[in-house]
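Enquirer: Next up, work.txt (compact mmCIF, N, CA and C atoms).
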# COMPACT_ATOMS: atom_id res chain seq x y z
N MET A 555 31.56 85.53 97.85
CA MET A 555 32.08 86.88 98.00
C MET A 555 32.34 87.15 99.48
N ALA A 556 33.49 87.68 99.79
CA ALA A 556 33.84 88.05 101.16
C ALA A 556 33.47 89.50 101.40
N PHE A 557 33.19 89.82 102.63
CA PHE A 557 32.93 91.21 102.99
C PHE A 557 33.58 91.53 104.32
N LEU A 558 33.83 92.81 104.53
CA LEU A 558 34.44 93.30 105.76
C LEU A 558 33.35 93.74 106.71
N LEU A 559 33.35 93.18 107.89
CA LEU A 559 32.37 93.55 108.91
C LEU A 559 33.10 94.14 110.10
N SER A 560 32.62 95.27 110.59
CA SER A 560 33.23 95.94 111.73
C SER A 560 32.19 96.05 112.84
N LEU A 561 32.60 95.70 114.05
CA LEU A 561 31.74 95.82 115.23
C LEU A 561 32.46 96.62 116.29
N ARG A 562 31.69 97.41 117.05
CA ARG A 562 32.24 98.20 118.16
C ARG A 562 31.61 97.76 119.46
N ARG A 563 32.42 97.77 120.49
CA ARG A 563 31.93 97.44 121.82
C ARG A 563 32.60 98.36 122.85
N PRO A 564 31.81 98.95 123.73
CA PRO A 564 32.40 99.75 124.82
C PRO A 564 32.73 98.85 126.02
N PHE A 565 33.69 99.28 126.81
CA PHE A 565 33.93 98.63 128.10
C PHE A 565 34.58 99.65 129.03
N VAL A 566 34.48 99.36 130.31
CA VAL A 566 35.03 100.24 131.34
C VAL A 566 36.10 99.46 132.09
N ALA A 567 37.26 100.06 132.25
CA ALA A 567 38.33 99.37 132.97
C ALA A 567 39.31 100.40 133.54
N ASP A 568 39.91 100.03 134.66
CA ASP A 568 40.95 100.84 135.29
C ASP A 568 42.31 100.29 134.92
N HIS A 569 43.31 101.13 135.06
CA HIS A 569 44.69 100.70 134.94
C HIS A 569 45.59 101.73 135.61
N PHE A 570 46.84 101.35 135.77
CA PHE A 570 47.84 102.27 136.31
C PHE A 570 49.17 101.92 135.68
N HIS A 571 50.11 102.84 135.80
CA HIS A 571 51.43 102.64 135.22
C HIS A 571 52.47 102.74 136.32
N GLU A 572 53.34 101.76 136.40
CA GLU A 572 54.44 101.77 137.38
C GLU A 572 55.75 101.41 136.69
N GLU A 573 56.03 102.08 135.64
CA GLU A 573 57.27 101.86 134.91
C GLU A 573 58.31 102.87 135.39
N PRO A 574 59.57 102.54 135.32
CA PRO A 574 60.61 103.49 135.75
C PRO A 574 60.51 104.82 135.00
N TYR A 575 60.06 104.77 133.79
CA TYR A 575 59.98 105.98 132.96
C TYR A 575 58.58 106.61 132.97
N PHE A 576 57.59 105.94 133.60
CA PHE A 576 56.23 106.46 133.55
C PHE A 576 55.43 105.90 134.71
N VAL A 577 55.11 106.76 135.68
CA VAL A 577 54.31 106.35 136.83
C VAL A 577 53.03 107.17 136.80
N GLU A 578 51.91 106.48 136.94
CA GLU A 578 50.61 107.14 136.93
C GLU A 578 49.69 106.35 137.85
N ALA A 579 48.94 107.05 138.70
CA ALA A 579 48.05 106.41 139.65
C ALA A 579 46.92 105.67 138.93
N ARG A 580 46.30 104.76 139.67
CA ARG A 580 45.15 104.01 139.12
C ARG A 580 44.07 104.99 138.70
N HIS A 581 43.55 104.76 137.51
CA HIS A 581 42.47 105.59 136.97
C HIS A 581 41.70 104.75 135.95
N GLY A 582 40.52 105.21 135.61
CA GLY A 582 39.68 104.44 134.70
C GLY A 582 39.38 105.17 133.41
N HIS A 583 38.92 104.39 132.45
CA HIS A 583 38.52 104.93 131.15
C HIS A 583 37.25 104.24 130.69
N ASN A 584 36.53 104.91 129.85
CA ASN A 584 35.46 104.31 129.07
C ASN A 584 36.09 103.98 127.72
N TRP A 585 36.52 102.75 127.57
CA TRP A 585 37.24 102.28 126.39
C TRP A 585 36.26 101.94 125.28
N MET A 586 36.80 101.82 124.08
CA MET A 586 36.01 101.35 122.94
C MET A 586 36.91 100.46 122.10
N VAL A 587 36.41 99.28 121.75
CA VAL A 587 37.13 98.41 120.82
C VAL A 587 36.30 98.33 119.55
N GLU A 588 36.97 98.45 118.42
CA GLU A 588 36.33 98.28 117.12
C GLU A 588 37.17 97.29 116.33
N ALA A 589 36.54 96.17 115.98
CA ALA A 589 37.24 95.12 115.26
C ALA A 589 36.61 94.93 113.89
N ALA A 590 37.45 94.70 112.90
CA ALA A 590 36.98 94.45 111.54
C ALA A 590 37.56 93.11 111.08
N VAL A 591 36.68 92.25 110.58
CA VAL A 591 37.11 90.95 110.08
C VAL A 591 36.53 90.71 108.69
N LEU A 592 37.21 89.88 107.93
CA LEU A 592 36.69 89.47 106.62
C LEU A 592 35.84 88.23 106.82
N LEU A 593 34.61 88.26 106.34
CA LEU A 593 33.70 87.13 106.46
C LEU A 593 33.31 86.63 105.08
N GLU A 594 33.13 85.33 104.99
CA GLU A 594 32.70 84.73 103.72
C GLU A 594 31.21 84.86 103.50
N ASP A 595 30.46 84.87 104.59
CA ASP A 595 29.01 85.04 104.48
C ASP A 595 28.45 85.58 105.79
N GLY A 596 27.21 86.02 105.74
CA GLY A 596 26.57 86.63 106.90
C GLY A 596 26.36 85.69 108.06
N ALA A 597 26.41 84.40 107.81
CA ALA A 597 26.20 83.42 108.88
C ALA A 597 27.29 83.50 109.94
N GLN A 598 28.45 84.03 109.59
CA GLN A 598 29.57 84.14 110.54
C GLN A 598 29.46 85.36 111.44
N GLU A 599 28.54 86.25 111.14
CA GLU A 599 28.43 87.49 111.91
C GLU A 599 28.16 87.24 113.39
N SER A 600 27.27 86.31 113.67
CA SER A 600 26.93 86.02 115.06
C SER A 600 28.13 85.47 115.83
N ALA A 601 28.90 84.60 115.20
CA ALA A 601 30.09 84.03 115.86
C ALA A 601 31.12 85.12 116.11
N PHE A 602 31.27 86.04 115.17
CA PHE A 602 32.19 87.17 115.34
C PHE A 602 31.75 88.01 116.54
N ALA A 603 30.47 88.36 116.60
CA ALA A 603 29.95 89.16 117.72
C ALA A 603 30.17 88.44 119.04
N THR A 604 29.95 87.15 119.07
CA THR A 604 30.14 86.37 120.29
C THR A 604 31.60 86.39 120.73
N ALA A 605 32.52 86.22 119.79
CA ALA A 605 33.95 86.22 120.12
C ALA A 605 34.40 87.59 120.64
N LEU A 606 33.94 88.66 119.99
CA LEU A 606 34.30 90.00 120.45
C LEU A 606 33.69 90.28 121.82
N ASP A 607 32.44 89.90 122.01
CA ASP A 607 31.78 90.10 123.30
C ASP A 607 32.50 89.35 124.42
N ALA A 608 32.98 88.15 124.13
CA ALA A 608 33.69 87.36 125.15
C ALA A 608 34.96 88.08 125.58
N TRP A 609 35.68 88.66 124.62
CA TRP A 609 36.90 89.40 124.97
C TRP A 609 36.56 90.60 125.84
N VAL A 610 35.54 91.35 125.45
CA VAL A 610 35.13 92.54 126.21
C VAL A 610 34.67 92.15 127.62
N GLU A 611 33.87 91.11 127.73
CA GLU A 611 33.35 90.70 129.04
C GLU A 611 34.47 90.32 130.00
N GLY A 612 35.58 89.83 129.47
CA GLY A 612 36.71 89.49 130.32
C GLY A 612 37.45 90.70 130.87
N LEU A 613 37.22 91.87 130.28
CA LEU A 613 37.89 93.09 130.71
C LEU A 613 36.97 94.09 131.40
N ASP A 614 35.70 94.03 131.08
CA ASP A 614 34.75 95.04 131.55
C ASP A 614 34.71 95.11 133.07
N TYR A 615 34.87 96.30 133.60
CA TYR A 615 34.86 96.57 135.03
C TYR A 615 35.94 95.80 135.79
N THR A 616 37.14 95.75 135.21
CA THR A 616 38.28 95.13 135.88
C THR A 616 39.41 96.15 135.97
N VAL A 617 40.45 95.75 136.69
CA VAL A 617 41.71 96.50 136.69
C VAL A 617 42.62 95.76 135.71
N LEU A 618 42.99 96.41 134.64
CA LEU A 618 43.74 95.76 133.58
C LEU A 618 45.06 95.17 134.08
N ASN A 619 45.69 95.81 135.03
CA ASN A 619 46.96 95.32 135.57
C ASN A 619 46.81 93.95 136.21
N GLU A 620 45.59 93.58 136.61
CA GLU A 620 45.34 92.30 137.26
C GLU A 620 45.03 91.19 136.27
N GLN A 621 44.91 91.51 135.00
CA GLN A 621 44.66 90.50 133.97
C GLN A 621 45.92 89.64 133.82
N ALA A 622 45.76 88.33 133.81
CA ALA A 622 46.92 87.43 133.68
C ALA A 622 47.74 87.77 132.44
N ARG A 623 47.07 88.10 131.36
CA ARG A 623 47.76 88.40 130.10
C ARG A 623 48.62 89.68 130.19
N LEU A 624 48.25 90.57 131.13
CA LEU A 624 48.94 91.86 131.22
C LEU A 624 49.83 91.98 132.46
N GLN A 625 49.90 90.93 133.27
CA GLN A 625 50.72 90.99 134.48
C GLN A 625 52.17 91.26 134.11
N ALA A 626 52.79 92.11 134.87
CA ALA A 626 54.19 92.50 134.68
C ALA A 626 54.42 93.22 133.36
N ARG A 627 53.36 93.76 132.79
CA ARG A 627 53.47 94.54 131.56
C ARG A 627 52.72 95.86 131.76
N ASN A 628 53.13 96.86 131.09
CA ASN A 628 52.45 98.15 131.14
C ASN A 628 51.17 98.04 130.31
N PRO A 629 49.98 98.11 130.94
CA PRO A 629 48.73 97.85 130.21
C PRO A 629 48.34 99.03 129.30
N THR A 630 48.91 99.04 128.13
CA THR A 630 48.71 100.14 127.20
C THR A 630 47.59 99.83 126.21
N THR A 631 47.14 100.85 125.55
CA THR A 631 46.16 100.71 124.49
C THR A 631 46.70 99.80 123.39
N GLU A 632 47.97 99.92 123.10
CA GLU A 632 48.59 99.09 122.07
C GLU A 632 48.51 97.61 122.43
N LEU A 633 48.80 97.28 123.69
CA LEU A 633 48.72 95.88 124.11
C LEU A 633 47.30 95.36 124.05
N LEU A 634 46.33 96.19 124.41
CA LEU A 634 44.93 95.76 124.33
C LEU A 634 44.52 95.49 122.89
N ALA A 635 44.93 96.35 121.98
CA ALA A 635 44.59 96.14 120.57
C ALA A 635 45.23 94.85 120.06
N GLN A 636 46.48 94.61 120.42
CA GLN A 636 47.15 93.37 120.01
C GLN A 636 46.45 92.15 120.60
N TRP A 637 46.08 92.23 121.87
CA TRP A 637 45.42 91.11 122.54
C TRP A 637 44.09 90.79 121.85
N ALA A 638 43.28 91.81 121.58
CA ALA A 638 41.99 91.59 120.92
C ALA A 638 42.19 91.00 119.53
N CYS A 639 43.18 91.48 118.82
CA CYS A 639 43.49 90.98 117.48
C CYS A 639 43.85 89.49 117.55
N GLU A 640 44.71 89.13 118.48
CA GLU A 640 45.12 87.74 118.64
C GLU A 640 43.96 86.86 119.10
N HIS A 641 43.10 87.39 119.97
CA HIS A 641 41.94 86.65 120.44
C HIS A 641 41.01 86.29 119.27
N LEU A 642 40.74 87.26 118.42
CA LEU A 642 39.85 87.01 117.28
C LEU A 642 40.48 86.07 116.26
N ALA A 643 41.78 86.21 116.05
CA ALA A 643 42.48 85.31 115.13
C ALA A 643 42.44 83.88 115.66
N ALA A 644 42.65 83.72 116.97
CA ALA A 644 42.60 82.39 117.58
C ALA A 644 41.21 81.77 117.50
N ALA A 645 40.18 82.63 117.41
CA ALA A 645 38.80 82.14 117.27
C ALA A 645 38.49 81.79 115.81
N GLY A 646 39.48 81.96 114.94
CA GLY A 646 39.32 81.53 113.55
C GLY A 646 38.93 82.61 112.56
N PHE A 647 39.01 83.87 112.97
CA PHE A 647 38.61 84.96 112.08
C PHE A 647 39.81 85.54 111.35
N HIS A 648 39.57 85.97 110.12
CA HIS A 648 40.58 86.68 109.34
C HIS A 648 40.46 88.15 109.73
N VAL A 649 41.31 88.57 110.64
CA VAL A 649 41.22 89.92 111.21
C VAL A 649 41.85 90.93 110.26
N ALA A 650 41.10 91.97 109.94
CA ALA A 650 41.64 93.07 109.14
C ALA A 650 42.30 94.09 110.05
N SER A 651 41.63 94.44 111.15
CA SER A 651 42.18 95.40 112.10
C SER A 651 41.38 95.39 113.39
N VAL A 652 42.04 95.85 114.43
CA VAL A 652 41.39 96.09 115.73
C VAL A 652 41.89 97.43 116.23
N LYS A 653 40.95 98.30 116.56
CA LYS A 653 41.28 99.60 117.13
C LYS A 653 40.73 99.64 118.55
N VAL A 654 41.57 100.06 119.48
CA VAL A 654 41.14 100.27 120.86
C VAL A 654 41.33 101.74 121.18
N ARG A 655 40.25 102.35 121.64
CA ARG A 655 40.28 103.78 121.98
C ARG A 655 40.24 103.91 123.50
N GLU A 656 41.24 104.62 124.03
CA GLU A 656 41.34 104.88 125.46
C GLU A 656 40.67 106.21 125.81
N LYS A 657 40.87 107.20 124.97
CA LYS A 657 40.28 108.53 125.12
C LYS A 657 39.84 108.98 123.74
N ALA A 658 39.13 110.07 123.68
CA ALA A 658 38.63 110.56 122.40
C ALA A 658 39.75 110.76 121.38
N ASN A 659 40.90 111.18 121.84
CA ASN A 659 42.00 111.48 120.92
C ASN A 659 43.20 110.55 121.09
N TYR A 660 42.98 109.38 121.69
CA TYR A 660 44.08 108.45 121.91
C TYR A 660 43.62 107.03 121.63
N TRP A 661 44.19 106.43 120.61
CA TRP A 661 43.82 105.07 120.23
C TRP A 661 45.01 104.37 119.58
N ALA A 662 44.88 103.04 119.48
CA ALA A 662 45.89 102.23 118.81
C ALA A 662 45.17 101.27 117.87
N LEU A 663 45.79 101.05 116.72
CA LEU A 663 45.23 100.16 115.70
C LEU A 663 46.21 99.02 115.48
N CYS A 664 45.72 97.80 115.52
CA CYS A 664 46.54 96.62 115.29
C CYS A 664 46.06 95.92 114.03
N ARG A 665 47.01 95.54 113.19
CA ARG A 665 46.72 94.72 112.00
C ARG A 665 47.63 93.51 112.05
N PRO A 666 47.10 92.34 111.78
CA PRO A 666 47.97 91.14 111.79
C PRO A 666 49.07 91.26 110.74
N ALA A 667 50.18 90.65 111.05
CA ALA A 667 51.32 90.69 110.12
C ALA A 667 51.05 89.86 108.89
Show me this structure written as structure tokens.
Expert:
Amino acid sequence: MAFLLSLRRPFVADHFHEEPYFVEARHGHNWMVEAAVLLEDGAQESAFATALDAWVEGLDYTVLNEQARLQARNPTTELLAQWACEHLAAAGFHVASVKVREKANYWALCRPA
């Protein structure tokens, strides 16, 4: 029997926007990522937590614009959700969804195609 497991992790990161249509000075957020994956058994839970933690640790207390994955791109909540989704899928998980929250009322949800 498969089950859906969801884990949340907070992280802190700065970003800024320098797009022709949107310029905003460097500022920070207390972000939250919540990922849900389908697991075949409870033994996979630890590996899921490790994979999610690795993604968060790579971003925590950084400037998102300086991340190689986000260079020359506008570091949006949507891109972070997509990146986390792809990271977990590459780690071998069947991802149901990844939600990244930038502010209390602003978030993006990614589901694999």
Enquirer: When you draw a straight line from atom N of Met586 in chain A to CA of Pro564 in chain A, how long is it in Å?
Expert: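 Atom N of Met586 in chain A sits 4.9 Å away from CA of Pro564 in chain A.
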Enquirer: Going by DSSP on the backbone, which residues of range 598-654 of chain A come out as alpha helix (DSSP H)? List them as a list of chain:residue names.
Expert: A:Glu599, A:Ser600, A:Ala601, A:Phe602, A:Ala603, A:Thr604, A:Ala605, A:Leu606, A:Asp607, A:Ala608, A:Trp609, A:Val610, A:Glu611, A:Gly612, A:Leu613, A:Thr631, A:Glu632, A:Leu633, A:Leu634, A:Ala635, A:Gln636, A:Trp637, A:Ala638, A:Cys639, A:Glu640, A:His641, A:Leu642, A:Ala643, A:Ala644
Enquirer: Leaving out range 613-626 of chain A and any residue of its chain fewer than 6 positions from it, which residues lie within 8 Å of it when counting all atoms listed in the file, given as a PyMOL selection string?
Expert: chain A and resi 564-570+607
Enquirer: Please provide as a PDB file with N, CA and C atoms, keeping the file's coordinate frame all residues within 7 Å of Ala605 in chain A, with the sequence filter that same-chain residues fewer than 4 positions apart are discarded (counting all atoms listed in the file).
Expert:
ATOM      1  N   SER A 600      27.270  86.310 113.670  1.00  0.00           N
ATOM      2  CA  SER A 600      26.930  86.020 115.060  1.00  0.00           C
ATOM      3  C   SER A 600      28.130  85.470 115.830  1.00  0.00           C
ATOM      4  N   ALA A 601      28.900  84.600 115.200  1.00  0.00           N
ATOM      5  CA  ALA A 601      30.090  84.030 115.860  1.00  0.00           C
ATOM      6  C   ALA A 601      31.120  85.120 116.110  1.00  0.00           C
ATOM      7  N   TRP A 609      35.680  88.660 124.620  1.00  0.00           N
ATOM      8  CA  TRP A 609      36.900  89.400 124.970  1.00  0.00           C
ATOM      9  C   TRP A 609      36.560  90.600 125.840  1.00  0.00           C
ATOM     10  N   VAL A 610      35.540  91.350 125.450  1.00  0.00           N
ATOM     11  CA  VAL A 610      35.130  92.540 126.210  1.00  0.00           C
ATOM     12  C   VAL A 610      34.670  92.150 127.620  1.00  0.00           C
ATOM     13  N   HIS A 641      43.100  87.390 119.970  1.00  0.00           N
ATOM     14  CA  HIS A 641      41.940  86.650 120.440  1.00  0.00           C
ATOM     15  C   HIS A 641      41.010  86.290 119.270  1.00  0.00           C
ATOM     16  N   LEU A 642      40.740  87.260 118.420  1.00  0.00           N
ATOM     17  CA  LEU A 642      39.850  87.010 117.280  1.00  0.00           C
ATOM     18  C   LEU A 642      40.480  86.070 116.260  1.00  0.00           C
ATOM     19  N   ALA A 645      40.180  82.630 117.410  1.00  0.00           N
ATOM     20  CA  ALA A 645      38.800  82.140 117.270  1.00  0.00           C
ATOM     21  C   ALA A 645      38.490  81.790 115.810  1.00  0.00           C
TER      22      ALA A 645
END
Enquirer: Using CA of Arg563 in chain A and atom N of Ala644 in chain A as the two end points, give the distance in Å to one decimal.
Expert: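 Calculated distance between CA of Arg563 in chain A and atom N of Ala644 in chain A is 18.1 Å.
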Enquirer: Show me the residues around (40.4, 85.8, 107.6) - criterion: an atom at most 7 Å away, only N, CA and C atoms counted - as a short mmCIF file (atom, residue, chain, number, x, y, z; two decimals) with N, CA and C atoms, in the coordinates of the input.
Expert:
data_model
loop_
_atom_site.label_atom_id
_atom_site.label_comp_id
_atom_site.auth_asym_id
_atom_site.auth_seq_id
_atom_site.Cartn_x
_atom_site.Cartn_y
_atom_site.Cartn_z
N VAL A 591 36.68 92.25 110.58
CA VAL A 591 37.11 90.95 110.08
C VAL A 591 36.53 90.71 108.69
N LEU A 592 37.21 89.88 107.93
CA LEU A 592 36.69 89.47 106.62
C LEU A 592 35.84 88.23 106.82
N LEU A 593 34.61 88.26 106.34
CA LEU A 593 33.70 87.13 106.46
C LEU A 593 33.31 86.63 105.08
N GLY A 646 39.48 81.96 114.94
CA GLY A 646 39.32 81.53 113.55
C GLY A 646 38.93 82.61 112.56
N PHE A 647 39.01 83.87 112.97
CA PHE A 647 38.61 84.96 112.08
C PHE A 647 39.81 85.54 111.35
N HIS A 648 39.57 85.97 110.12
CA HIS A 648 40.58 86.68 109.34
C HIS A 648 40.46 88.15 109.73
N VAL A 649 41.31 88.57 110.64
CA VAL A 649 41.22 89.92 111.21
C VAL A 649 41.85 90.93 110.26
N ALA A 650 41.10 91.97 109.94
CA ALA A 650 41.64 93.07 109.14
C ALA A 650 42.30 94.09 110.05
#
Enquirer: So, counting only C-alpha atoms, which residue among A:Glu611, A:Glu572, A:Phe557, A:Ala638 is closest to Glu599 in chain A?
Expert: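 Between A:Glu611, A:Glu572, A:Phe557, A:Ala638, the residue approaching Glu599 in chain A most closely is A:Phe557.
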Enquirer: Which one is closest to His583 in chain A: A:Ser651, A:Thr604, A:Gln636, A:Thr630? Count only C-alpha atoms.
Expert: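 Checking each of A:Ser651, A:Thr604, A:Gln636, A:Thr630 against His583 in chain A, counting only C-alpha atoms, the winner is A:Thr630.
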Enquirer: Restricting the calculation to all atoms listed in the file: of A:Val577, A:Ala635, A:Pro629, A:Gly582, which residue gets closest to Leu663 in chain A?
Expert: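 Counting all atoms listed in the file, the residue closest to Leu663 in chain A is A:Ala635.
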